[in-house]
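Structure data (mmCIF, C-alpha atoms) from input12.cif:
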data_target
loop_
_atom_site.label_atom_id
_atom_site.label_comp_id
_atom_site.auth_asym_id
_atom_site.auth_seq_id
_atom_site.Cartn_x
_atom_site.Cartn_y
_atom_site.Cartn_z
CA MET P 144 0.00 0.00 0.00
CA ILE P 145 1.30 3.44 -0.93
CA THR P 146 1.34 5.77 2.06
CA LYS P 147 2.52 9.29 2.73
CA ASP P 148 5.25 7.90 4.95
CA LYS P 149 6.51 5.65 2.17
CA ILE P 150 6.73 8.54 -0.28
CA GLN P 151 8.44 10.76 2.27
CA ALA P 152 10.96 7.99 2.91
CA LEU P 153 11.64 7.57 -0.81
CA SER P 154 11.98 11.35 -1.15
CA GLY P 155 14.48 11.36 1.69
CA ASN P 156 16.46 8.53 0.12
CA ILE P 157 16.92 10.42 -3.14
CA PHE P 158 17.34 13.89 -1.63
CA GLU P 159 21.14 14.08 -1.91
CA GLN P 160 20.93 12.80 -5.47
CA VAL P 161 18.39 15.48 -6.41
CA VAL P 162 20.61 18.14 -4.80
CA GLY P 163 23.41 16.89 -7.02
CA TYR P 164 21.21 17.11 -10.09
CA ARG P 165 20.23 20.65 -9.19
CA GLN P 166 23.79 21.79 -8.62
CA HIS P 167 24.95 20.21 -11.89
CA LEU P 168 22.18 21.95 -13.82
CA HIS P 169 22.79 25.24 -12.03
CA ALA P 170 26.46 25.14 -12.94
CA ASN P 171 25.68 24.36 -16.59
CA PRO P 172 22.78 26.62 -17.60
CA GLU P 173 21.59 26.91 -21.19
CA LEU P 174 19.45 29.57 -22.82
CA SER P 175 16.00 29.00 -24.30
CA PHE P 176 15.87 26.62 -27.29
CA LYS P 177 19.54 25.74 -26.66
CA GLU P 178 19.09 23.27 -23.80
CA TYR P 179 21.00 20.50 -25.58
CA GLN P 180 23.21 19.38 -22.69
CA THR P 181 20.34 19.73 -20.23
CA SER P 182 18.14 17.59 -22.46
CA ALA P 183 20.90 14.99 -22.79
CA PHE P 184 21.32 14.96 -19.00
CA VAL P 185 17.59 14.30 -18.47
CA LYS P 186 17.48 11.61 -21.15
CA GLY P 187 20.53 9.90 -19.66
CA ILE P 188 18.92 9.65 -16.22
CA LEU P 189 15.58 8.43 -17.60
CA THR P 190 17.46 5.82 -19.64
CA ASP P 191 19.36 4.63 -16.56
CA TRP P 192 16.05 4.17 -14.75
CA GLY P 193 14.38 2.39 -17.65
CA ILE P 194 11.76 5.13 -18.12
CA PRO P 195 10.77 5.41 -21.80
CA PHE P 196 10.71 8.87 -23.36
CA THR P 197 10.20 10.72 -26.61
CA GLU P 198 11.77 13.93 -27.87
CA MET P 199 9.76 17.00 -28.79
CA ALA P 200 10.31 20.67 -29.69
CA ASP P 201 13.97 19.90 -30.47
CA THR P 202 15.23 19.82 -26.87
CA GLY P 203 12.07 18.78 -25.03
CA VAL P 204 11.78 15.37 -23.35
CA VAL P 205 8.55 13.56 -22.48
CA GLY P 206 8.82 10.53 -20.21
CA LEU P 207 6.07 8.04 -19.44
CA ILE P 208 5.55 5.97 -16.29
CA LYS P 209 2.71 3.46 -16.41
CA GLY P 210 1.41 2.03 -13.20
CA GLU P 211 0.98 -1.72 -13.32
CA LEU P 212 -2.48 -1.76 -11.72
CA ALA P 213 -5.60 -1.32 -13.83
CA SER P 214 -6.57 2.31 -14.47
CA ASP P 215 -7.08 4.53 -17.51
CA LYS P 216 -6.38 7.78 -15.64
CA ILE P 217 -3.55 9.95 -16.92
CA ILE P 218 -1.85 12.99 -15.37
CA ALA P 219 0.94 15.20 -16.69
CA LEU P 220 3.69 16.81 -14.59
CA ARG P 221 5.72 19.64 -16.09
CA ALA P 222 9.16 21.15 -15.49
CA ASP P 223 10.92 23.80 -17.59
CA MET P 224 14.66 23.62 -18.34
CA ASP P 225 15.97 26.93 -19.76
CA ALA P 226 18.07 29.62 -18.06
CA LEU P 227 18.35 33.41 -18.39
CA PRO P 228 20.95 35.80 -19.89
CA ILE P 229 22.12 37.03 -16.48
CA ILE P 230 25.62 37.20 -15.00
CA GLU P 231 25.53 35.27 -11.72
CA ALA P 232 26.75 37.10 -8.61
CA ASN P 233 26.72 34.10 -6.26
CA ASP P 234 30.05 32.75 -5.01
CA LYS P 235 29.07 29.10 -4.68
CA PRO P 236 30.79 25.90 -5.87
CA TYR P 237 27.84 25.30 -8.20
CA ALA P 238 27.72 28.83 -9.64
CA SER P 239 27.28 29.12 -13.39
CA LYS P 240 30.22 28.05 -15.54
CA ASN P 241 28.65 29.63 -18.63
CA PRO P 242 29.46 33.37 -18.67
CA GLY P 243 26.37 35.54 -18.94
CA VAL P 244 23.94 32.64 -18.44
CA MET P 245 22.30 31.76 -15.13
CA HIS P 246 19.49 29.66 -13.69
CA ALA P 247 17.99 32.75 -12.08
CA CYS P 248 14.38 31.53 -12.26
CA GLY P 249 14.75 28.15 -10.64
CA HIS P 250 14.28 25.95 -13.68
CA ASP P 251 17.20 23.85 -12.45
CA VAL P 252 15.06 23.21 -9.36
CA HIS P 253 12.03 22.30 -11.44
CA THR P 254 13.96 19.87 -13.63
CA SER P 255 15.87 18.16 -10.82
CA SER P 256 12.68 17.93 -8.76
CA LEU P 257 10.75 16.25 -11.56
CA LEU P 258 13.62 13.79 -12.00
CA GLY P 259 13.33 12.99 -8.29
CA THR P 260 9.57 12.60 -8.64
CA ALA P 261 10.10 10.29 -11.62
CA HIS P 262 12.41 8.12 -9.52
CA ILE P 263 9.84 7.81 -6.74
CA LEU P 264 7.00 6.97 -9.12
CA ASN P 265 9.13 4.49 -11.02
CA GLN P 266 9.94 2.74 -7.73
CA LEU P 267 6.23 2.48 -6.96
CA LYS P 268 4.81 1.60 -10.39
CA SER P 269 3.90 -1.95 -9.32
CA GLU P 270 1.69 -0.46 -6.60
CA PHE P 271 -0.42 2.11 -8.47
CA GLY P 272 -2.76 2.39 -11.41
CA GLY P 273 -2.73 5.07 -14.10
CA THR P 274 -0.13 6.83 -16.21
CA VAL P 275 2.13 9.77 -15.42
CA LYS P 276 3.47 11.87 -18.28
CA LEU P 277 6.70 13.70 -17.40
CA ILE P 278 7.13 16.89 -19.44
CA PHE P 279 10.62 18.40 -19.47
CA GLN P 280 9.98 21.56 -21.46
CA PRO P 281 12.37 23.95 -23.19
CA ALA P 282 12.15 27.71 -23.61
CA GLU P 283 9.73 29.00 -21.02
CA GLU P 284 11.55 32.32 -20.88
CA ILE P 285 11.10 33.65 -24.43
CA LEU P 286 8.31 33.90 -26.95
CA PRO P 287 6.58 31.98 -28.36
CA GLY P 288 7.27 29.75 -25.35
CA GLY P 289 8.20 26.10 -25.43
CA ALA P 290 4.81 25.08 -24.06
CA SER P 291 3.00 26.39 -27.15
CA ILE P 292 5.33 24.42 -29.42
CA MET P 293 5.04 21.22 -27.42
CA ILE P 294 1.24 21.50 -27.43
CA LYS P 295 1.27 21.92 -31.22
CA GLU P 296 3.50 18.84 -31.48
CA GLY P 297 1.03 16.79 -29.41
CA VAL P 298 2.42 16.72 -25.87
CA LEU P 299 -1.14 16.61 -24.49
CA GLU P 300 -2.14 13.73 -26.76
CA ASN P 301 -1.32 10.01 -27.08
CA PRO P 302 -1.96 9.56 -24.21
CA LYS P 303 -4.12 12.53 -23.31
CA PRO P 304 -3.86 13.61 -19.66
CA GLN P 305 -6.99 14.61 -17.77
CA HIS P 306 -5.02 17.43 -16.16
CA ILE P 307 -1.54 18.85 -15.70
CA ILE P 308 0.37 19.96 -12.60
CA GLY P 309 3.33 22.34 -12.42
CA GLN P 310 5.36 23.92 -9.63
CA HIS P 311 7.55 27.01 -9.54
CA VAL P 312 10.04 28.32 -7.00
CA MET P 313 9.03 31.27 -4.83
CA PRO P 314 11.78 32.89 -2.69
CA LEU P 315 9.20 35.00 -0.83
CA ILE P 316 7.84 31.78 0.71
CA ASP P 317 9.92 29.90 3.29
CA ALA P 318 11.38 26.57 2.26
CA GLY P 319 9.12 23.78 3.47
CA LYS P 320 5.96 25.62 2.48
CA VAL P 321 3.92 25.84 -0.74
CA GLY P 322 1.29 28.27 -2.03
CA PHE P 323 -1.91 27.94 -4.05
CA ARG P 324 -4.45 30.14 -5.78
CA SER P 325 -7.58 28.89 -7.51
CA GLY P 326 -8.90 30.58 -10.67
CA ILE P 327 -7.02 33.25 -12.60
CA TYR P 328 -3.53 33.47 -11.13
CA MET P 329 -0.95 34.92 -13.55
CA ALA P 330 -1.16 37.60 -16.24
CA SER P 331 -1.02 37.54 -19.99
CA THR P 332 2.04 39.23 -21.45
CA ASP P 333 2.66 41.05 -24.72
CA GLU P 334 5.86 42.69 -25.89
CA LEU P 335 5.74 46.21 -27.35
CA TYR P 336 8.33 47.46 -29.85
CA VAL P 337 7.95 51.10 -30.89
CA THR P 338 10.03 53.11 -33.34
CA VAL P 339 9.41 56.87 -33.34
CA ARG P 340 10.84 58.69 -36.36
CA GLY P 341 11.43 62.40 -36.80
CA LYS P 342 14.15 64.57 -38.31
CA GLY P 343 17.44 64.79 -36.44
CA GLY P 344 19.81 67.69 -36.26
CA HIS P 345 21.70 70.08 -33.99
CA GLY P 346 20.33 70.37 -30.46
CA ALA P 347 20.73 74.16 -30.65
CA GLN P 348 18.34 74.35 -33.62
CA PRO P 349 15.22 72.44 -32.53
CA HIS P 350 13.03 74.57 -34.82
CA GLN P 351 14.73 72.99 -37.82
CA ASN P 352 14.15 69.41 -36.56
CA ILE P 353 11.32 67.09 -35.68
CA ASP P 354 12.40 65.80 -32.30
CA PRO P 355 11.62 62.06 -31.89
CA VAL P 356 12.85 62.16 -28.29
CA LEU P 357 10.13 64.64 -27.37
CA ILE P 358 7.54 62.68 -29.35
CA ALA P 359 8.56 59.40 -27.65
CA SER P 360 8.32 61.11 -24.24
CA HIS P 361 4.76 62.20 -24.96
CA ILE P 362 3.89 58.69 -26.14
CA ILE P 363 5.26 57.03 -22.99
CA VAL P 364 3.33 59.35 -20.69
CA ALA P 365 0.14 59.28 -22.76
CA LEU P 366 0.00 55.50 -23.02
CA GLN P 367 -0.26 55.25 -19.25
CA GLN P 368 -3.74 56.74 -19.47
CA ILE P 369 -4.80 53.65 -21.43
CA VAL P 370 -4.44 51.83 -18.12
CA SER P 371 -5.58 54.64 -15.80
CA ARG P 372 -8.54 55.88 -17.82
CA ASN P 373 -9.65 53.11 -20.19
CA ALA P 374 -9.25 49.96 -18.11
CA ASP P 375 -11.87 48.86 -15.63
CA PRO P 376 -10.24 49.85 -12.31
CA ARG P 377 -11.25 46.46 -10.90
CA LEU P 378 -9.13 44.71 -13.52
CA PRO P 379 -5.36 44.54 -12.96
CA SER P 380 -3.35 45.92 -15.89
CA VAL P 381 0.34 46.76 -16.15
CA LEU P 382 2.09 48.80 -18.84
CA SER P 383 5.84 49.30 -18.47
CA PHE P 384 8.57 50.52 -20.79
CA GLY P 385 11.98 49.24 -19.76
CA LYS P 386 14.11 50.17 -22.74
CA VAL P 387 14.49 53.56 -24.45
CA ILE P 388 17.19 54.13 -27.07
CA ALA P 389 17.69 57.68 -28.33
CA ASN P 390 21.13 57.43 -29.85
CA GLY P 391 21.96 61.13 -30.07
CA ALA P 392 24.21 63.21 -27.84
CA THR P 393 24.05 66.29 -25.61
CA ASN P 394 23.76 68.48 -28.69
CA ILE P 395 22.49 65.98 -31.27
CA ILE P 396 18.83 65.20 -31.84
CA PRO P 397 18.62 61.70 -33.39
CA ASN P 398 16.45 60.70 -36.33
CA GLU P 399 14.61 58.02 -34.37
CA VAL P 400 13.94 56.65 -30.91
CA LYS P 401 13.22 53.02 -30.05
CA LEU P 402 11.05 51.91 -27.13
CA GLU P 403 10.48 48.43 -25.74
CA GLY P 404 7.90 47.52 -23.14
CA THR P 405 5.42 45.02 -21.81
CA PHE P 406 1.65 44.95 -21.33
CA ARG P 407 0.00 42.53 -18.92
CA THR P 408 -3.56 41.91 -17.83
CA LEU P 409 -6.04 39.21 -16.77
CA ASN P 410 -8.80 39.52 -19.35
CA GLU P 411 -8.50 38.53 -23.01
CA ASP P 412 -11.14 40.98 -24.30
CA TRP P 413 -9.50 43.94 -22.56
CA ARG P 414 -6.08 42.70 -23.64
CA LYS P 415 -7.11 42.92 -27.29
CA GLU P 416 -8.81 46.31 -26.91
CA ALA P 417 -5.92 47.85 -24.96
CA LYS P 418 -3.43 46.93 -27.65
CA ARG P 419 -5.65 48.51 -30.30
CA LEU P 420 -5.94 51.71 -28.27
CA MET P 421 -2.20 51.92 -27.58
CA LYS P 422 -1.29 51.58 -31.23
CA LYS P 423 -3.87 54.17 -32.28
CA MET P 424 -2.79 56.67 -29.61
CA ALA P 425 0.96 56.34 -30.29
CA GLU P 426 0.55 56.73 -34.03
CA GLY P 427 -1.78 59.72 -33.55
CA ILE P 428 0.61 61.54 -31.20
CA ALA P 429 3.55 61.04 -33.53
CA GLU P 430 1.62 62.29 -36.54
CA SER P 431 0.26 65.31 -34.68
CA MET P 432 3.83 66.31 -33.80
CA GLY P 433 5.13 65.93 -37.33
CA GLY P 434 6.75 62.51 -37.00
CA SER P 435 5.72 58.92 -37.47
CA CYS P 436 5.45 55.84 -35.30
CA GLU P 437 5.83 52.16 -36.06
CA PHE P 438 4.07 50.27 -33.26
CA THR P 439 4.71 46.52 -33.27
CA ILE P 440 3.12 44.13 -30.78
CA MET P 441 4.44 40.63 -30.26
CA ASP P 442 1.62 38.61 -28.76
CA GLY P 443 2.81 36.65 -25.76
CA TYR P 444 1.43 34.17 -23.27
CA PRO P 445 -2.25 34.13 -22.25
CA TYR P 446 -3.32 34.45 -18.64
CA LEU P 447 -2.88 31.40 -16.43
CA ILE P 448 -5.93 29.87 -14.82
CA ASN P 449 -5.92 27.20 -12.13
CA GLU P 450 -8.97 24.98 -12.57
CA GLU P 451 -10.93 25.06 -9.35
CA LYS P 452 -11.51 21.35 -8.72
CA VAL P 453 -8.00 20.23 -9.65
CA THR P 454 -6.49 23.04 -7.58
CA ALA P 455 -8.72 22.33 -4.58
CA ASN P 456 -7.77 18.65 -4.69
CA THR P 457 -4.06 19.40 -5.13
CA ARG P 458 -4.15 21.82 -2.23
CA ALA P 459 -5.90 19.26 -0.03
CA PHE P 460 -3.26 16.66 -0.91
CA ALA P 461 -0.52 19.19 -0.11
CA GLU P 462 -2.12 19.90 3.28
CA ASP P 463 -2.21 16.18 3.97
CA TYR P 464 1.44 15.75 2.94
CA LEU P 465 2.92 18.87 4.55
CA GLY P 466 0.40 19.92 7.17
CA LYS P 467 -2.13 22.75 6.83
CA GLU P 468 0.22 25.26 8.40
CA ASN P 469 2.65 24.82 5.50
CA VAL P 470 0.14 25.51 2.72
CA LEU P 471 -0.48 29.18 1.98
CA ASP P 472 -2.89 31.33 -0.02
CA LEU P 473 -1.43 33.22 -2.99
CA ASP P 474 -2.45 36.56 -4.42
CA ILE P 475 -2.69 37.38 -8.13
CA TRP P 476 0.79 37.52 -9.68
CA MET P 477 1.28 39.88 -12.63
CA ALA P 478 4.28 37.99 -13.93
CA ALA P 479 3.64 35.62 -16.83
CA GLU P 480 4.34 31.93 -17.43
CA ASP P 481 3.98 29.83 -20.55
CA PHE P 482 2.40 27.11 -18.39
CA ALA P 483 -0.62 29.29 -19.14
CA TYR P 484 -0.87 27.61 -22.55
CA TYR P 485 -1.48 24.26 -20.87
CA SER P 486 -4.08 25.86 -18.61
CA GLN P 487 -5.98 27.15 -21.64
CA VAL P 488 -6.43 23.69 -23.17
CA THR P 489 -6.70 21.31 -20.21
CA ASP P 490 -7.45 21.40 -16.49
CA ALA P 491 -4.34 22.67 -14.73
CA CYS P 492 -2.85 23.55 -11.35
CA PHE P 493 0.28 25.66 -11.01
CA TYR P 494 1.50 26.09 -7.44
CA ARG P 495 4.47 27.77 -5.73
CA LEU P 496 7.32 26.01 -4.00
CA GLY P 497 8.86 27.95 -1.12
CA THR P 498 12.65 28.28 -1.41
CA GLY P 499 13.37 31.25 0.87
CA ASN P 500 15.47 31.26 4.03
CA LYS P 501 16.73 34.55 5.50
CA GLU P 502 19.51 32.86 7.46
CA LYS P 503 20.79 31.19 4.28
CA ASP P 504 20.35 34.42 2.27
CA THR P 505 18.03 32.83 -0.29
CA CYS P 506 15.26 35.43 -0.41
CA TYR P 507 16.46 37.29 -3.52
CA SER P 508 13.83 37.55 -6.23
CA VAL P 509 13.89 35.40 -9.34
CA HIS P 510 15.53 37.02 -12.39
CA THR P 511 18.25 38.61 -10.24
CA PRO P 512 22.01 37.83 -10.15
CA ASN P 513 21.86 36.77 -6.48
CA PHE P 514 18.96 34.33 -6.77
CA ASP P 515 19.57 31.04 -5.00
CA ILE P 516 17.50 28.54 -3.03
CA ASP P 517 17.47 26.80 0.31
CA GLU P 518 18.06 23.28 -1.01
CA ASP P 519 15.96 21.85 1.81
CA ALA P 520 13.07 22.82 -0.47
CA LEU P 521 14.03 19.82 -2.60
CA LYS P 522 12.84 17.59 0.23
CA VAL P 523 9.36 18.95 -0.45
CA SER P 524 9.40 19.37 -4.22
CA THR P 525 10.02 15.74 -5.18
CA GLY P 526 7.85 13.91 -2.68
CA LEU P 527 4.94 16.32 -2.80
CA MET P 528 4.61 16.12 -6.57
CA ALA P 529 4.77 12.33 -6.45
CA TYR P 530 2.12 12.28 -3.71
CA VAL P 531 -0.12 14.70 -5.62
CA ALA P 532 0.23 12.67 -8.83
CA LEU P 533 -0.73 9.41 -7.15
CA LYS P 534 -3.64 11.01 -5.32
CA GLN P 535 -4.92 12.67 -8.49
CA LEU P 536 -4.77 9.26 -10.17
CA GLY P 537 -6.95 7.88 -7.39
CA ASN P 538 -4.29 5.89 -5.53
#

Rewrite the structure of this file - the entire thing - as structure tokens.
Amino acid sequence: MITKDKIQALSGNIFEQVVGYRQHLHANPELSFKEYQTSAFVKGILTDWGIPFTEMADTGVVGLIKGELASDKIIALRADMDALPIIEANDKPYASKNPGVMHACGHDVHTSSLLGTAHILNQLKSEFGGTVKLIFQPAEEILPGGASIMIKEGVLENPKPQHIIGQHVMPLIDAGKVGFRSGIYMASTDELYVTVRGKGGHGAQPHQNIDPVLIASHIIVALQQIVSRNADPRLPSVLSFGKVIANGATNIIPNEVKLEGTFRTLNEDWRKEAKRLMKKMAEGIAESMGGSCEFTIMDGYPYLINEEKVTANTRAFAEDYLGKENVLDLDIWMAAEDFAYYSQVTDACFYRLGTGNKEKDTCYSVHTPNFDIDEDALKVSTGLMAYVALKQLGN
């Protein structure tokens, strides 16, 4: 009989091994769509354990563990594998060996944890019924997102899972705890690329020029009223420009200015309308000031929704495994995740794994050079996901 104690024991047995996996992956990060060594590492371990797998989306790996008892239930578990273009600031033995590339979003944790979960489930396959699909996904960090490609290539078919579960590190939550939110949880994200063109010239003769710097400034300020005056105030929306290039000088007005930004929200109808309004406003301002504006929008991930029943069940299983005091409520998170694609086509639950510890200095945010985790979190990440999978399968 499979019990919580048995899974916790198996998780404890493989803990040091999973820590080793995580440190190896952290030291050898690879950027999105270039996870060749990471993919080979995963495939090598699955091969050693006799877990069959297929390849997908170039570097993606999909393993399959079939329980030997009778059941037609199927569940998918997902981990992402790519790193970020960040120079690591941590002075640890496992710090990145690849200059300018770092696992600053915890995907090394996700991948090593799912390998640990796979080991536990593989050890128990004679004792449970149903099938677990292990999705090791590339390219979560850049558009169009590895999830969208894997879905197009059939990752949610043959066999088709009834639902999918994912976990993600959260340094704001203490290691040993996890967090859940039912319903809409994370935002959609679109990338904005704007080129404002005018007529450059000497900074001392503005009357002879059409200043694209001034035009771009008006556009940046004006677009904020799309959020403040057009959006329903009850609906979260974020518009931010993080890159402005006006390649002139103290006394040189350039011919053009480039802007790059992001727009995020939690409603698909408003998302579409906001983008229409932004483009119209930017182009109108530029024209009214004698210039022109090329406003390009790269559609990104949809919003992420946690299906209520699956999430309620997963949370209940987490409370059983960890204790109620270690399972927290989450607020809406305006960051984006390509796990959202899975949530749009099948029942999904995406929860947060606490990795923070003030004494160990692991509370830095994801996407920062100092990000690191309390590796005790790996005691939770492997066993909990195995427990949740077996419970969701009815074992």

Evaluating the PyMOL selection byres ((chain P and resi 491) around 12) on the displayed file yields which residues, as a PyMOL selection string?
chain P and resi 218-221+299+304-310+324-328+447-457+482-490+492-494+535

Residues within 6 Å of segment 238-245 of chain P, please, as a PyMOL selection string. Count all atoms listed in the file; anything in the same chain fewer than 6 positions from it doesn't count.
chain P and resi 170-172+226-231

Could you tell me how far atom CA of Gly259 of chain P sits from atom CA of Phe158 of chain P, in Å to one decimal place?
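Value for the atom CA of Phe158 of chain P-atom CA of Gly259 of chain P distance: 7.8 Å.
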
Nearby residues, (8.9, 26.9, 1.3) file frame, 10 Å, all atoms listed in the file, as a ChimeraX atom specification:
/P:312-322,469-471,495-500,516-517,519-521,523-524

To one decimal place in Å, what is the distance between atom CA of Glu430 of chain P and atom CA of Val370 of chain P?
22.0 Å

Distance of atom CA of Asp191 of chain P from atom CA of Glu173 of chain P, expressed in Å to one decimal place:
22.9 Å

Report as a PyMOL selection string the residues that result from applying the PyMOL selection byres ((chain P and resi 536) around 9) to the structure here.
chain P and resi 214+216-218+271-275+531-535+537-538

For the file shown, report as a PyMOL selection string the outcome of the PyMOL selection byres ((chain P and resi 436) around 10) at residue level.
chain P and resi 337-341+355+358-359+362+399-401+422-423+425-430+434-435+437-439

Give me the segment 207-238 of chain P side of the contact with segment 193-200 of chain P, cut-off 12 Å, one line per residue showing its nearest atom pair and distance in Å at one decimal, counting only C-alpha atoms, sorted by chain and residue number, as a Markdown table.
| residue | atom | partner | partner_atom | distance |
| --- | --- | --- | --- | --- |
| P:Leu207 | CA | P:Pro195 | CA | 5.9 |
| P:Ile208 | CA | P:Ile194 | CA | 6.5 |
| P:Lys209 | CA | P:Ile194 | CA | 9.4 |
| P:Gly210 | CA | P:Ile194 | CA | 11.9 |

So, with all atoms listed in the file as the atoms that count, which of P:Asp148, P:Glu480, P:Glu270, P:Asp515 lies closest to Ala330 of chain P?
P:Glu480

Tell me which of P:Pro379, P:Ile145, P:Asn513, P:Glu283 sits closest to Ile475 of chain P, counting all atoms listed in the file.
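The closest residue to Ile475 of chain P is P:Pro379.
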
Distance query 9 Å from (7.6, 23.8, -23.2) using all atoms listed in the file, result as a list in words
Ala200, Gly203, Arg221, Ala222, Asp223, Met224, Ile278, Phe279, Gln280, Pro281, Ala282, Glu283, Gly288, Gly289, Ala290, Ser291, Ile292, Met293, Ile294, Asp481 and Phe482 of chain P

Which of these residues is nearest to Tyr530 of chain P, using only C-alpha atoms: P:Asp463, P:Asp504, P:Asp215, P:Glu518?
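The closest residue to Tyr530 of chain P is P:Asp463.
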